[in-house]
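Chemist: Handing you this structure, nothing more for now.
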Amino acid sequence: MQASLIEGAAQSTPKKNALRLLLLPLVILAGMGLSVEAGLLGPLGVQVGHLWATLSIFGVGTAILFLLLLFSGPQKGPALTDLPRWQLIGGFLGPMYVVVLTLATPHIGIAMTMIAILSGQVGKSVLIDHFGWFGTARKRVNGERWIALALIVAALVLIARG
Amino acid sequence: MNLILLLVLVIAAGAVLSVQAAINGRLGQAVGVLRSSLLTFAVGAITTALLIFFFEPAQAVSLLEVPKWQLTGALFGVVYMMVMVGAVPIVGTAVATVAVIVGQLGMGMLIDNFGWLGNPAIELSGSRIVAMLCLALALVFMYRSNTRQAD
């Protein structure tokens, strides 16, 4: 297939497929956590201000990760300062997302907020896979993926109207 | 605030989030999950602190005065970040994104329906359930298209 030519390096072994299936429920659980986070952030932002609520997320997160890193020993791989600059900009994007969450959830509810978030996410992530932006493996967008995108848009319309 | 403007802002935030997932997936491969997550959170905290210093008006209630459970959001954020950094290189950005969406929407509907965590209650309707099924189906299609391309 043409697709496998484009994929090139990505080999599929039974072991890797099993790992994928194992990872999916974990990723779904992580997504549930995001809704809980948004549910906590909305009321918190109303009380103490949106930026303070955002700082609580990143401040506590930084503290926990620093401790985890400190006690997990030496890390493999190059120093952060040796990496290309653009790989370090992810941190600037996080606060945008969190501030928007605290702003939006009290006005439009958590499910509506998540739906609006996901329409942006899926559109963009299909583009990232399709063009292999930001150094990710390039995956041609095939028919099944367009069906999936259509289903997501249908879900968006359903919840927006219901 | 204008509702349409707010929605556009949230859609843009979703696009930004998937850009971040792609960048962090790559970064995590190079330097490990912990270091890439710490970098993301530390840069996020510093950016937010700078914004607070220069732009945030004084608030009547401080973070130290709210109930402590309201401050636990970061724990979920840390878990999410680490799962994504680990999973994105294996399952692909699109599949990981849709799996997160299924969890997000399911939990979002539960919180809305029961008004958990001090949020206003929004009842679970038939169309919300159908929407959930559409999303589950979308996840199946995304997953199948990914495994087929890898063969």
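All residue names refer to the structure tokens as shown: chains lettered A, B, ... in order, residues numbered from 1 in each chain, ligands numbered from 1 in order.
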Any chance you could tabulate, as CSV, the residues of chain A at most 6 Å from chain B with each one's nearest atom pair and distance in Å to one decimal, using only C-alpha atoms, in chain and rising number order?

Modeler:
residue,atom,partner,partner_atom,distance
A:Ala3,CA,B:Gln149,CA,5.9
A:Ser12,CA,B:Ala150,CA,5.6
A:Arg20,CA,B:Val91,CA,5.8
A:Val27,CA,B:Val100,CA,5.7
A:Ile28,CA,B:Gly103,CA,4.5
A:Leu29,CA,B:Gly103,CA,5.9
A:Ala30,CA,B:Tyr80,CA,4.7
A:Gly31,CA,B:Val100,CA,4.0
A:Met32,CA,B:Gly103,CA,4.3
A:Gly33,CA,B:Phe76,CA,5.0
A:Ser35,CA,B:Gln104,CA,5.1
A:Glu37,CA,B:Gly73,CA,4.5
A:Leu40,CA,B:Gln70,CA,5.8
A:Val48,CA,B:Val61,CA,5.2
A:Leu55,CA,B:Ala45,CA,5.8
A:Ile57,CA,B:Ala74,CA,4.4
A:Phe58,CA,B:Ala45,CA,4.7
A:Gly59,CA,B:Ala45,CA,5.4
A:Val60,CA,B:Ala74,CA,5.9
A:Gly61,CA,B:Ala74,CA,5.2
A:Thr62,CA,B:Phe41,CA,5.1
A:Leu65,CA,B:Leu38,CA,5.5
A:Gly77,CA,B:Val31,CA,4.8
A:Gln87,CA,B:Ile23,CA,6.0
A:Gly90,CA,B:Gln20,CA,5.0
A:Gly91,CA,B:Thr40,CA,3.9
A:Phe92,CA,B:Gly44,CA,5.8
A:Pro95,CA,B:Gly44,CA,5.6
A:Tyr97,CA,B:Ala13,CA,5.1
A:Ile110,CA,B:Gly108,CA,5.3
A:Ala111,CA,B:Gly108,CA,4.8
A:Ala116,CA,B:Ile11,CA,4.8
A:Ile117,CA,B:Gly14,CA,4.0
A:Leu118,CA,B:Gly14,CA,5.7
A:Gly120,CA,B:Ala15,CA,4.3
A:Gln121,CA,B:Gly14,CA,4.5
A:Lys124,CA,B:Ala15,CA,5.4
A:Ser125,CA,B:Ala94,CA,5.4
A:Val126,CA,B:Ala94,CA,5.9
A:Phe134,CA,B:Ile23,CA,5.9
A:Glu144,CA,B:Phe141,CA,5.6
A:Arg145,CA,B:Met142,CA,5.5
A:Ala148,CA,B:Ala138,CA,4.1
A:Leu151,CA,B:Cys134,CA,5.5
A:Ile152,CA,B:Leu135,CA,5.7
A:Ala155,CA,B:Ala131,CA,4.1
A:Leu158,CA,B:Ser127,CA,5.7
A:Ile159,CA,B:Arg128,CA,5.3
A:Gly162,CA,B:Ser127,CA,5.7

Chemist: Taking into account only C-alpha atoms, which residue in the set A:Gly94, A:Lys16, A:Leu34, A:Ile115 is nearest to Val157 in chain A?

Modeler: A:Ile115
